[in-house]
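Novice: Got a file for you: work-v7.txt, compact mmCIF, C-alpha atoms and all ligand atoms.
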# COMPACT_ATOMS: atom_id res chain seq x y z
CA LYS A 1201 0.00 0.00 0.00
CA VAL A 1202 0.94 3.63 -0.51
CA VAL A 1203 -0.17 6.74 1.42
CA ALA A 1204 0.15 10.43 0.56
CA VAL A 1205 0.74 13.38 2.86
CA ILE A 1206 0.11 16.96 1.78
CA MET A 1207 1.82 19.62 3.88
CA VAL A 1208 -0.62 22.52 4.15
CA GLY A 1209 1.23 24.71 6.69
CA GLY A 1210 -0.74 27.17 8.77
CA PRO A 1211 -2.07 30.72 9.08
CA THR A 1212 1.37 32.30 9.60
CA LYS A 1213 2.43 30.89 6.23
CA GLY A 1214 -0.45 32.66 4.52
CA THR A 1215 0.59 36.21 5.30
CA ARG A 1216 1.95 36.85 1.82
CA PHE A 1217 -1.44 35.85 0.51
CA ARG A 1218 -3.21 38.79 2.16
CA PRO A 1219 -5.86 40.11 1.85
CA LEU A 1220 -7.14 36.85 0.37
CA SER A 1221 -6.06 34.69 3.34
CA PHE A 1222 -8.14 36.68 5.86
CA ASN A 1223 -11.14 34.36 5.65
CA THR A 1224 -9.97 31.34 3.64
CA PRO A 1225 -6.88 29.28 4.39
CA GLU A 1226 -4.50 29.62 1.44
CA PRO A 1227 -4.71 25.86 0.61
CA LEU A 1228 -8.45 26.29 -0.05
CA PHE A 1229 -8.09 29.31 -2.34
CA PRO A 1230 -9.54 28.35 -5.75
CA LEU A 1231 -7.24 27.82 -8.74
CA ALA A 1232 -9.07 26.94 -11.95
CA GLY A 1233 -12.25 26.81 -9.85
CA GLN A 1234 -10.91 24.10 -7.47
CA PRO A 1235 -9.28 24.60 -4.06
CA MET A 1236 -5.45 24.78 -4.39
CA VAL A 1237 -5.08 21.52 -2.42
CA HIS A 1238 -7.56 19.77 -4.71
CA HIS A 1239 -4.99 19.59 -7.53
CA PRO A 1240 -2.38 17.52 -5.61
CA ILE A 1241 -5.19 15.45 -4.06
CA SER A 1242 -6.69 14.53 -7.41
CA ALA A 1243 -3.16 13.72 -8.70
CA CYS A 1244 -2.79 11.30 -5.76
CA THR A 1245 -5.79 9.29 -6.95
CA ARG A 1246 -3.67 8.13 -9.91
CA ILE A 1247 -1.25 6.31 -7.55
CA PRO A 1248 -1.85 2.53 -7.61
CA ASN A 1249 -2.86 1.02 -4.22
CA LEU A 1250 -3.39 4.38 -2.53
CA ALA A 1251 -4.84 3.75 0.95
CA GLN A 1252 -5.24 7.26 2.42
CA ILE A 1253 -4.41 10.92 1.95
CA PHE A 1254 -3.44 13.02 4.97
CA LEU A 1255 -3.35 16.80 5.08
CA ILE A 1256 -0.99 17.98 7.84
CA GLY A 1257 -1.08 21.55 9.03
CA PHE A 1258 -1.69 23.90 11.90
CA TYR A 1259 -4.93 25.52 10.75
CA GLU A 1260 -7.97 24.83 12.93
CA GLU A 1261 -9.67 21.52 12.13
CA ARG A 1262 -13.00 23.20 11.41
CA GLU A 1263 -11.49 25.16 8.51
CA PHE A 1264 -10.86 21.91 6.63
CA ALA A 1265 -13.73 19.75 7.95
CA LEU A 1266 -16.22 20.47 5.17
CA TYR A 1267 -13.72 20.18 2.34
CA VAL A 1268 -12.18 16.97 3.67
CA SER A 1269 -15.52 15.18 4.06
CA SER A 1270 -16.83 16.22 0.64
CA ILE A 1271 -13.62 15.30 -1.21
CA SER A 1272 -13.43 11.90 0.57
CA ASN A 1273 -16.93 11.09 -0.68
CA GLU A 1274 -16.26 12.40 -4.16
CA LEU A 1275 -12.98 10.53 -4.70
CA ARG A 1276 -13.80 7.47 -2.59
CA VAL A 1277 -10.38 7.71 -0.93
CA PRO A 1278 -10.18 8.61 2.77
CA VAL A 1279 -8.80 12.15 3.12
CA ARG A 1280 -8.01 13.22 6.70
CA TYR A 1281 -6.88 16.52 8.12
CA LEU A 1282 -4.36 16.23 10.98
CA LYS A 1283 -3.65 19.33 13.06
CA GLU A 1284 -0.23 19.75 14.65
CA ASP A 1285 -0.81 20.61 18.25
CA GLY A 1286 0.52 23.68 19.94
CA LYS A 1287 3.26 24.62 17.54
CA PRO A 1288 4.53 23.88 14.05
CA HIS A 1289 7.13 21.10 13.91
CA GLY A 1290 8.67 21.89 10.51
CA SER A 1291 7.98 19.92 7.35
CA ALA A 1292 9.76 16.73 8.57
CA GLY A 1293 8.82 17.21 12.23
CA GLY A 1294 5.11 17.43 11.27
CA LEU A 1295 5.42 14.16 9.39
CA TYR A 1296 7.15 12.51 12.35
CA TYR A 1297 4.56 13.82 14.81
CA PHE A 1298 1.88 11.79 12.98
CA ARG A 1299 4.06 8.74 12.17
CA ASP A 1300 1.72 6.25 13.89
CA LEU A 1301 -1.32 7.39 11.88
CA ILE A 1302 0.66 7.55 8.63
CA MET A 1303 1.94 4.01 9.22
CA GLU A 1304 -1.41 2.51 10.30
CA ASP A 1305 -1.98 0.85 6.89
CA ASN A 1306 1.63 -0.35 6.91
CA PRO A 1307 2.49 1.44 3.63
CA SER A 1308 5.60 0.55 1.66
CA HIS A 1309 5.89 4.11 0.33
CA ILE A 1310 4.83 7.57 1.47
CA PHE A 1311 4.37 10.50 -0.89
CA VAL A 1312 4.91 13.95 0.64
CA LEU A 1313 3.73 17.00 -1.32
CA ASN A 1314 4.00 20.69 -0.54
CA CYS A 1315 0.59 22.19 -1.02
CA ASP A 1316 1.83 25.49 -2.44
CA VAL A 1317 3.28 24.16 -5.67
CA CYS A 1318 1.56 23.93 -9.04
CA CYS A 1319 2.60 21.11 -11.37
CA ASN A 1320 1.27 18.00 -13.07
CA PHE A 1321 2.43 15.84 -10.10
CA PRO A 1322 3.89 12.86 -12.04
CA LEU A 1323 3.45 10.59 -9.01
CA PRO A 1324 3.14 7.11 -10.57
CA GLU A 1325 6.22 7.91 -12.69
CA MET A 1326 8.13 8.96 -9.55
CA LEU A 1327 7.15 5.72 -7.81
CA ASP A 1328 8.47 3.65 -10.74
CA ALA A 1329 11.70 5.66 -10.85
CA HIS A 1330 12.13 5.32 -7.09
CA LYS A 1331 11.76 1.54 -7.28
CA ARG A 1332 14.54 1.46 -9.89
CA TYR A 1333 16.88 3.73 -7.90
CA GLY A 1334 16.43 2.24 -4.42
CA GLY A 1335 17.36 4.29 -1.32
CA MET A 1336 15.19 6.12 1.18
CA GLY A 1337 13.59 8.65 -1.11
CA THR A 1338 13.26 10.35 -4.49
CA LEU A 1339 12.52 14.02 -5.01
CA LEU A 1340 10.95 15.76 -7.96
CA VAL A 1341 13.36 18.33 -9.42
CA ILE A 1342 13.25 20.83 -12.29
CA LYS A 1343 15.65 23.16 -14.10
CA VAL A 1344 14.82 26.86 -13.63
CA SER A 1345 16.61 30.04 -14.69
CA ALA A 1346 19.87 30.65 -12.83
CA GLU A 1347 18.49 34.03 -11.58
CA SER A 1348 15.46 32.49 -9.88
CA ALA A 1349 17.12 29.34 -8.46
CA ASN A 1350 18.08 30.94 -5.13
CA GLN A 1351 14.41 31.12 -4.03
CA PHE A 1352 14.44 27.31 -3.80
CA GLY A 1353 16.53 24.37 -2.62
CA GLU A 1354 19.39 24.08 -5.15
CA LEU A 1355 20.88 20.66 -5.79
CA VAL A 1356 23.41 18.64 -7.76
CA ALA A 1357 22.47 15.18 -9.05
CA ASP A 1358 24.57 12.49 -10.72
CA PRO A 1359 23.67 12.69 -14.44
CA ILE A 1360 23.73 8.89 -14.82
CA THR A 1361 22.53 7.39 -11.53
CA LYS A 1362 20.37 10.44 -10.61
CA GLU A 1363 21.68 10.25 -7.04
CA LEU A 1364 21.31 13.46 -5.02
CA LEU A 1365 24.95 14.47 -4.51
CA HIS A 1366 24.65 17.89 -2.93
CA TYR A 1367 21.79 19.98 -1.50
CA THR A 1368 21.66 23.59 -0.26
CA GLU A 1369 18.46 25.37 0.76
CA LYS A 1370 18.09 28.87 -0.80
CA PRO A 1371 21.86 29.50 -1.05
CA GLU A 1372 23.28 33.01 -1.26
CA THR A 1373 25.77 32.06 -3.91
CA PHE A 1374 24.74 30.09 -6.96
CA VAL A 1375 25.09 26.31 -6.72
CA SER A 1376 22.88 24.90 -9.46
CA ASP A 1377 19.85 25.66 -11.61
CA LEU A 1378 18.35 22.29 -10.66
CA ILE A 1379 15.89 22.82 -7.80
CA ASN A 1380 13.70 20.93 -5.35
CA CYS A 1381 10.02 20.95 -6.42
CA GLY A 1382 8.69 20.06 -2.94
CA VAL A 1383 7.29 16.68 -4.08
CA TYR A 1384 8.83 13.55 -2.54
CA ILE A 1385 8.42 9.81 -2.22
CA PHE A 1386 9.93 8.07 0.80
CA THR A 1387 10.17 4.62 2.31
CA PRO A 1388 9.22 4.36 6.02
CA ASP A 1389 12.98 4.66 6.76
CA ILE A 1390 12.42 8.43 6.57
CA PHE A 1391 11.03 8.32 10.12
CA ARG A 1392 14.29 6.88 11.44
CA ALA A 1393 16.22 9.63 9.66
CA ILE A 1394 14.01 12.32 11.24
CA GLN A 1395 14.31 10.67 14.64
CA ASP A 1396 18.11 10.66 14.28
CA VAL A 1397 18.12 14.44 13.74
CA SER A 1398 16.14 15.16 16.90
CA THR A 1399 18.00 12.66 19.08
CA HIS A 1400 21.28 14.11 17.89
CA ARG A 1401 20.10 17.57 18.93
CA GLU A 1402 18.82 16.43 22.33
CA ASP A 1403 22.12 14.65 23.01
CA ARG A 1404 24.06 17.81 22.49
CA GLY A 1405 21.53 19.96 24.35
CA TYR A 1406 21.21 21.53 20.96
CA SER A 1407 19.36 24.71 20.17
CA ILE A 1408 20.06 26.71 17.09
CA LEU A 1409 19.51 30.42 16.90
CA MET A 1410 17.62 31.10 13.77
CA LEU A 1411 17.73 34.54 12.21
CA THR A 1412 14.59 35.01 10.15
CA SER A 1413 14.12 37.70 7.55
CA SER A 1414 12.60 40.02 10.12
CA PHE A 1415 15.63 39.52 12.39
CA TYR A 1416 13.34 37.85 14.86
CA ARG A 1417 15.28 35.32 16.93
CA THR A 1418 13.76 32.00 17.91
CA THR A 1419 15.34 28.85 19.27
CA ILE A 1420 14.64 25.70 17.31
CA PRO A 1421 13.40 22.93 19.60
CA SER A 1422 14.74 19.40 19.02
CA ASP A 1423 11.45 18.25 17.45
CA PHE A 1424 11.46 21.02 14.81
CA VAL A 1425 12.91 19.26 11.77
CA ARG A 1426 12.88 20.51 8.20
CA LEU A 1427 12.94 18.07 5.29
CA ASP A 1428 15.28 20.21 3.27
CA GLN A 1429 17.97 21.66 5.58
CA ASP A 1430 17.93 18.94 8.25
CA ILE A 1431 17.43 15.79 6.17
CA LEU A 1432 18.35 16.33 2.50
CA SER A 1433 21.50 18.42 3.08
CA PRO A 1434 23.25 16.06 5.50
CA LEU A 1435 22.17 12.87 3.67
CA ALA A 1436 23.06 14.02 0.13
CA GLY A 1437 25.88 11.97 -1.44
CA LYS A 1438 25.17 8.95 0.78
CA LYS A 1439 23.17 6.89 -1.72
CA GLN A 1440 19.99 7.62 0.23
CA PHE A 1441 18.20 10.10 -2.04
CA TYR A 1442 17.62 10.22 -5.79
CA THR A 1443 16.06 12.74 -8.15
CA TYR A 1444 13.35 12.58 -10.81
CA GLU A 1445 13.44 15.54 -13.20
CA THR A 1446 10.19 16.87 -14.62
CA MET A 1447 10.09 18.51 -18.06
CA ASN A 1448 6.48 19.58 -17.49
CA PHE A 1449 5.24 22.81 -15.83
CA TRP A 1450 6.12 23.70 -12.23
CA GLU A 1451 5.55 26.90 -10.23
CA GLN A 1452 5.50 27.89 -6.59
CA ILE A 1453 2.33 29.68 -5.38
CA LYS A 1454 3.42 32.10 -2.69
CA THR A 1455 1.61 35.26 -3.84
CA PRO A 1456 -1.85 36.11 -5.18
CA GLY A 1457 -0.22 37.12 -8.47
CA MET A 1458 1.17 33.61 -8.87
CA SER A 1459 -2.27 32.17 -8.20
CA LEU A 1460 -3.48 33.79 -11.44
CA LYS A 1461 -0.58 32.26 -13.36
CA CYS A 1462 -1.16 28.84 -11.77
CA SER A 1463 -4.89 29.03 -12.42
CA ALA A 1464 -4.02 29.40 -16.13
CA LEU A 1465 -1.69 26.37 -15.98
CA TYR A 1466 -4.35 24.19 -14.35
CA LEU A 1467 -7.06 25.37 -16.77
CA ALA A 1468 -4.75 24.43 -19.64
CA GLN A 1469 -4.22 21.02 -18.01
CA PHE A 1470 -8.01 20.54 -17.76
CA ARG A 1471 -8.15 21.05 -21.53
CA SER A 1472 -6.32 17.74 -21.94
CA ILE A 1473 -7.30 15.71 -18.84
CA SER A 1474 -10.79 16.90 -17.84
CA PRO A 1475 -12.26 19.09 -20.63
CA HIS A 1476 -15.78 18.65 -19.17
CA LEU A 1477 -14.76 21.11 -16.42
CA LEU A 1478 -14.21 23.92 -18.93
CA ALA A 1479 -16.94 26.27 -20.19
CA ASN A 1480 -17.57 25.55 -23.86
CA GLY A 1481 -19.71 28.52 -24.87
CA ASP A 1482 -22.18 26.25 -26.65
CA GLY A 1483 -25.79 27.26 -27.08
CA ASN A 1484 -27.27 30.68 -27.68
CA LYS A 1485 -27.83 31.36 -23.97
CA SER A 1486 -24.12 31.12 -23.19
CA ALA A 1487 -21.74 34.04 -22.99
CA LYS A 1488 -18.95 34.24 -25.55
CA ILE A 1489 -16.10 32.08 -24.19
CA ILE A 1490 -12.50 32.59 -25.32
CA GLY A 1491 -9.77 30.05 -24.47
CA ASP A 1492 -9.75 28.19 -21.13
CA VAL A 1493 -12.51 29.34 -18.77
CA TYR A 1494 -14.13 27.80 -15.69
CA VAL A 1495 -17.66 28.86 -14.73
CA HIS A 1496 -19.31 27.37 -11.62
CA PRO A 1497 -22.72 25.87 -12.49
CA SER A 1498 -24.49 28.25 -10.09
CA ALA A 1499 -23.02 31.42 -11.70
CA LYS A 1500 -25.23 33.53 -13.96
CA VAL A 1501 -23.38 35.03 -16.89
CA HIS A 1502 -25.28 37.25 -19.35
CA PRO A 1503 -25.17 35.94 -22.97
CA THR A 1504 -23.67 39.23 -24.20
CA ALA A 1505 -20.74 39.08 -21.76
CA LYS A 1506 -17.35 38.00 -23.16
CA ILE A 1507 -15.16 35.80 -20.93
CA GLY A 1508 -11.57 34.54 -21.26
CA PRO A 1509 -8.91 33.45 -21.70
CA ASN A 1510 -7.84 32.27 -18.21
CA VAL A 1511 -10.90 33.24 -16.22
CA SER A 1512 -12.42 31.31 -13.36
CA ILE A 1513 -15.81 32.26 -11.99
CA SER A 1514 -16.90 30.80 -8.63
CA ALA A 1515 -20.30 30.01 -7.10
CA ASN A 1516 -23.26 32.44 -7.29
CA VAL A 1517 -21.41 35.08 -9.31
CA ARG A 1518 -23.58 37.31 -11.51
CA VAL A 1519 -22.05 38.87 -14.63
CA GLY A 1520 -24.10 41.55 -16.39
CA ALA A 1521 -24.65 42.37 -20.06
CA GLY A 1522 -21.62 43.46 -22.05
CA ALA A 1523 -19.14 42.77 -19.25
CA ARG A 1524 -15.62 41.71 -20.31
CA LEU A 1525 -13.43 39.43 -18.14
CA ILE A 1526 -9.85 38.46 -19.03
CA SER A 1527 -7.21 36.57 -17.02
CA SER A 1528 -8.96 36.86 -13.65
CA ILE A 1529 -10.33 34.94 -10.69
CA VAL A 1530 -13.80 35.94 -9.50
CA LEU A 1531 -14.69 34.51 -6.07
CA ASP A 1532 -18.09 33.48 -4.64
CA ASP A 1533 -21.10 35.82 -4.59
CA VAL A 1534 -19.56 38.63 -6.65
CA GLU A 1535 -21.76 40.89 -8.76
CA ILE A 1536 -20.32 42.41 -11.94
CA LYS A 1537 -22.73 44.89 -13.50
CA GLU A 1538 -23.28 45.86 -17.13
CA ASN A 1539 -20.23 46.73 -19.23
CA ALA A 1540 -17.76 46.41 -16.38
CA VAL A 1541 -14.25 45.16 -17.24
CA VAL A 1542 -12.03 42.84 -15.14
CA LEU A 1543 -8.48 42.31 -16.37
CA HIS A 1544 -5.54 40.56 -14.56
CA SER A 1545 -7.41 40.81 -11.27
CA ILE A 1546 -8.74 38.79 -8.36
CA VAL A 1547 -12.18 39.90 -7.21
CA GLY A 1548 -12.88 38.92 -3.57
CA TRP A 1549 -15.99 37.22 -2.18
CA LYS A 1550 -19.22 39.31 -2.19
CA SER A 1551 -17.59 42.26 -3.96
CA SER A 1552 -19.54 44.31 -6.43
CA LEU A 1553 -18.50 46.21 -9.55
CA GLY A 1554 -20.74 48.98 -10.84
CA LYS A 1555 -21.72 49.71 -14.44
CA TRP A 1556 -18.74 50.58 -16.70
CA ALA A 1557 -16.36 50.07 -13.75
CA ARG A 1558 -12.86 48.72 -14.57
CA VAL A 1559 -10.74 46.58 -12.28
CA GLN A 1560 -7.43 46.00 -14.04
CA ALA A 1561 -3.65 45.53 -13.86
CA ASP A 1562 -0.70 45.05 -16.20
CA GLY A 1563 -0.47 41.34 -15.33
CA ASP A 1564 3.16 41.23 -14.20
CA TYR A 1565 2.80 38.23 -11.85
CA ASN A 1566 6.10 38.82 -10.11
CA SER A 1567 5.54 42.44 -9.10
CA LYS A 1568 3.61 43.33 -5.97
CA LEU A 1569 0.93 45.39 -7.72
CA GLY A 1570 1.04 43.55 -11.05
CA VAL A 1571 -2.35 41.99 -10.31
CA THR A 1572 -5.23 44.02 -8.85
CA ILE A 1573 -6.82 42.39 -5.81
CA LEU A 1574 -10.13 43.30 -4.24
CA GLY A 1575 -10.55 41.83 -0.74
CA GLU A 1576 -13.89 40.54 0.52
CA ALA A 1577 -16.97 42.75 0.11
CA VAL A 1578 -15.34 45.63 -1.77
CA THR A 1579 -17.67 47.91 -3.70
CA VAL A 1580 -16.43 49.63 -6.85
CA GLU A 1581 -18.99 52.21 -7.87
CA ASP A 1582 -20.20 52.90 -11.42
CA GLU A 1583 -17.46 54.07 -13.82
CA VAL A 1584 -14.69 53.90 -11.19
CA VAL A 1585 -11.33 52.54 -12.46
CA VAL A 1586 -9.04 50.52 -10.16
CA THR A 1587 -5.57 49.90 -11.66
CA ASN A 1588 -2.59 47.92 -10.23
CA SER A 1589 -3.96 48.18 -6.68
CA ILE A 1590 -4.74 46.09 -3.61
CA ILE A 1591 -7.96 46.96 -1.79
CA LEU A 1592 -8.53 45.57 1.69
CA PRO A 1593 -11.94 44.09 2.65
CA ASN A 1594 -15.14 46.14 3.09
CA LYS A 1595 -13.99 49.29 1.25
CA THR A 1596 -16.17 51.32 -1.06
CA LEU A 1597 -14.36 53.05 -3.92
CA ASN A 1598 -16.12 56.04 -5.44
CA VAL A 1599 -13.02 57.57 -7.08
CA SER A 1600 -10.49 55.89 -9.35
CA VAL A 1601 -7.18 54.64 -7.88
CA GLN A 1602 -3.88 53.55 -9.39
CA ASP A 1603 -0.76 51.88 -7.87
CA GLU A 1604 -2.23 52.03 -4.37
CA ILE A 1605 -2.78 49.78 -1.42
CA ILE A 1606 -6.02 50.90 0.23
CA LEU A 1607 -6.03 49.82 3.87
N1 LIG B 1701 2.32 20.89 8.71
C1 LIG B 1701 3.33 21.71 8.54
N2 LIG B 1701 4.06 22.07 9.66
N3 LIG B 1701 3.59 22.15 7.32
C2 LIG B 1701 4.65 22.97 7.17
C3 LIG B 1701 5.46 23.39 8.25
C4 LIG B 1701 5.13 22.90 9.56
O1 LIG B 1701 5.76 23.22 10.55
N4 LIG B 1701 6.42 24.21 7.76
C5 LIG B 1701 6.21 24.28 6.45
N5 LIG B 1701 5.14 23.54 6.09
C6 LIG B 1701 4.62 23.32 4.73
C7 LIG B 1701 4.31 24.58 3.93
O2 LIG B 1701 2.93 24.90 3.98
C8 LIG B 1701 4.69 24.16 2.52
O3 LIG B 1701 3.63 23.45 1.88
C9 LIG B 1701 5.83 23.18 2.74
O4 LIG B 1701 5.67 22.69 4.07
C10 LIG B 1701 7.22 23.79 2.58
O5 LIG B 1701 7.24 25.05 3.22
P1 LIG B 1701 8.57 25.74 3.77
O6 LIG B 1701 9.26 24.80 4.71
O7 LIG B 1701 8.19 27.09 4.24
O8 LIG B 1701 9.56 25.86 2.54
P2 LIG B 1701 9.46 26.71 1.18
O9 LIG B 1701 8.10 26.58 0.61
O10 LIG B 1701 10.02 28.07 1.35
O11 LIG B 1701 10.49 25.90 0.28
C11 LIG B 1701 10.38 24.50 0.15
O12 LIG B 1701 9.66 24.19 -1.00
C12 LIG B 1701 10.26 24.60 -2.23
C13 LIG B 1701 9.39 24.12 -3.36
O13 LIG B 1701 8.20 24.83 -3.35
C14 LIG B 1701 11.78 23.94 0.13
O14 LIG B 1701 11.74 22.55 0.28
C15 LIG B 1701 12.49 24.32 -1.16
O15 LIG B 1701 13.71 23.62 -1.26
C16 LIG B 1701 11.65 23.98 -2.36
O16 LIG B 1701 12.33 24.46 -3.53
How does the structure come out when it is put into C-alpha cells?
Specialist:
Amino acid sequence: KVVAVIMVGGPTKGTRFRPLSFNTPEPLFPLAGQPMVHHPISACTRIPNLAQIFLIGFYEEREFALYVSSISNELRVPVRYLKEDGKPHGSAGGLYYFRDLIMEDNPSHIFVLNCDVCCNFPLPEMLDAHKRYGGMGTLLVIKVSAESANQFGELVADPITKELLHYTEKPETFVSDLINCGVYIFTPDIFRAIQDVSTHREDRGYSILMLTSSFYRTTIPSDFVRLDQDILSPLAGKKQFYTYETMNFWEQIKTPGMSLKCSALYLAQFRSISPHLLANGDGNKSAKIIGDVYVHPSAKVHPTAKIGPNVSISANVRVGAGARLISSIVLDDVEIKENAVVLHSIVGWKSSLGKWARVQADGDYNSKLGVTILGEAVTVEDEVVVTNSIILPNKTLNVSVQDEIIL
C-alpha cells in the first residue's frame, strides 16, 4: 500500500497571501475553480494502491472539515486533516509527529507533497523511478533560470545514476539551476532519519539560533525538523536520495499574483485531462467564451458578456450584459454589473463592480501590484477605475485609484 501526505502549513504561512487569506486558508483558495489543495489530491488518486491521503497543518480543524468530508466522498479515498498541536514542527517534524497514523496501513511508500506548488504531479512515474533507484527517497526536481534558483533548494544530481549528490536550501551564492520541487516519495525509513536528527540535537543539548528575515530570533526545539535543511542536506551523497526531473510545468504559489498564473496552468491542463470542467460557450444562452474558462454551475453570466482566456468564476457570481473578463479569478457571490471590465485581477468574495467600472492591472505576476486584488466585500462604484492596486476588505471606492494599497 501507498499513502500520501500533503503539507498545508498554517495561518502564519499565509501572510503573503493577504488580503485573500483573511477568511480562507490559502490551501483552499480556488485555482481553476478548485481549491489549491484539490490539484495535488486529485493527482494522488492516480497512484496505484493508494490507501489514504493526509493533510498535515496547523490551521484549525473546522477550517478543513467540510472540504475533507466532501472530497473523501467524491474521490472514494479517505482524506483526513491532521492538526499539529501547539506549535509547528517543521515539514519533517510534522510528518514525524503523525508517524503512527501515517503508518497505520503499513504502507511501503509515502508521498509527501507541498501544497503550495503547481505542477502535473507525475506521481506514478516517480514511484516507478524510485523503485529502480532504491534508497530512502526520491525528489521531484526541475531546471529553472539561474536568476530564480536561489528562491528554492538548489541541488546537484549524478547525471547517470540520478543520485542526489549535494543539497543547499536557498543558497546566497549560486550552486545549481536544478531545484527541489517540494514533491517527494519516501520509504518508512524516513522516520528513522528524522528521529536521528532530533535525538542528535537532544544529546548535544542543541538549540540553534535562527535569524529570520525580520531579524526575529527564535530557538529551534529538538522536534522542529525541516525536510530540506535537516534531512536532504546532511544525507546528500550517501546513496539515500535520488532525483526525478520533470520537463512539465512547475511553479511555486506564494503570492496572489502567482495564483493567477497557476490558475491558467491548471485550466490548460483541464483542456487535456478533464475538458468537461471547462466552459464551452455552446448554445445561444451562453456568454462568448475565449480560451480556457471555468464557470461554476451556479453562476449567472449574461449571454452578451465576453469571458476569457484564463478566467475562473466561482459560485453564485452574476455577470451583467456586455461585461468583459480576461485573465482573472472571480470569487463566490460577486456581482459584476453591465459593461464592467475585469483584467488581470482577483475579485474577492461578495464584492460588487458597478456599471462601466474597470478593475485591471498590467499582469506582471512577479511584481507586488502587477495583479489588482479586491478583498472581501469591496464595492467599486459605477465608472470607477481601479488599476494595479490592492484593496482591503469592506472598502467602497467612489473615485479611481492607481498603484495604491487601500487599507
Ligand atoms: N504541517 C506543517 N508544519 N507544514 C509545514 C510546516 C510545519 O511546521 N512548515 C512548512 N510547512 C509546509 C508549507 O505549507 C509548505 O507546503 C511546505 O511545508 C514547505 O514550506 P517551507 O518549509 O516554508 O519551505 P518553502 O516553501 O520556502 O520551500 C520549500 O519548498 C520549495 C518548493 O516549493 C523547500 O523545500 C524548497 O527547497 C523547495 O524548492
Novice: Output the neighbourhood of ligand LIG 1701 (chain B) as a ChimeraX atom specification, that is, all protein and nucleic acid residues with some atom at most 6 Å from the ligand, counting only C-alpha atoms and all ligand atoms.
Specialist: /A:1207-1209,1256-1258,1288-1291,1294,1314-1317,1352-1353,1369,1379-1382,1428,1452
Novice: Quick one: pull the distance between CA of Tyr1466 in chain A and CA of Arg1280 in chain A, Å, one decimal.
Specialist: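 Atom-to-atom, CA of Tyr1466 in chain A to CA of Arg1280 in chain A, that is 24.0 Å.
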Novice: Between A:Glu1581, A:Glu1451, A:Glu1576, A:Glu1274, single out the one closest to Phe1321 in chain A, counting all atoms listed in the file.
Specialist: A:Glu1451
Novice: Which residue gives the smallest distance to His1239 in chain A among A:Phe1424, A:Leu1467, A:Asn1448, A:Gln1351, with all atoms listed in the file counted?
Specialist: A:Leu1467
Novice: Would you pick out the contacts of Leu1553 in chain A at 7 Å or less, using all atoms listed in the file, so that residues sharing its chain but fewer than 5 positions from it are not included, and give the list as a ChimeraX atom specification?
Specialist: /A:1535-1537,1540,1579-1581
Novice: Using all atoms listed in the file, collect all residues at a distance of at most 10 Å from (17.9, 21.7, 6.5) as written in the file, then present them as a list in words.
Specialist: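 Residues with an atom at most 10 Å from (17.9, 21.7, 6.5): Ala1292, Gly1353, Tyr1367, Thr1368, Glu1369, Val1425, Arg1426, Leu1427, Asp1428, Gln1429, Asp1430, Ile1431, Leu1432, Ser1433 and Pro1434 of chain A.
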Novice: As an exercise, work out the distance from CA of Gly1554 in chain A to CA of Val1541 in chain A in Å and give it to one decimal place.
Specialist: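 Interatomic distance, CA of Gly1554 in chain A to CA of Val1541 in chain A: 9.9 Å.
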Novice: Here is a test: counting only C-alpha atoms, which residue of A:Glu1325, A:Asp1300, A:Asp1305, A:Glu1226 is nearest to Ala1243 in chain A?
Specialist: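 With only C-alpha atoms as the atom set, the closest residue is A:Glu1325.
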Novice: Near His1544 in chain A, within 6 Å and counting all atoms listed in the file, which residues show up once chain neighbours fewer than 5 positions away are dropped, as a PDB file with C-alpha atoms, in the coordinates of the input?
Specialist:
ATOM      1  CA  SER A1527      -7.210  36.570 -17.020  1.00  0.00           C
ATOM      2  CA  SER A1528      -8.960  36.860 -13.650  1.00  0.00           C
ATOM      3  CA  GLN A1560      -7.430  46.000 -14.040  1.00  0.00           C
ATOM      4  CA  ALA A1561      -3.650  45.530 -13.860  1.00  0.00           C
ATOM      5  CA  GLY A1563      -0.470  41.340 -15.330  1.00  0.00           C
ATOM      6  CA  VAL A1571      -2.350  41.990 -10.310  1.00  0.00           C
TER       7      VAL A1571
END
Novice: Just the residues within 7 Å of Asn1516 in chain A, please, counting all atoms listed in the file, with nothing from its chain fewer than 3 positions along; format it as a ChimeraX atom specification.
Specialist: /A:1498-1499,1532-1533
Novice: Just give me the gap between CA of Met1303 in chain A and CA of Cys1318 in chain A in Å, one decimal is fine.
Specialist: 27.0 Å
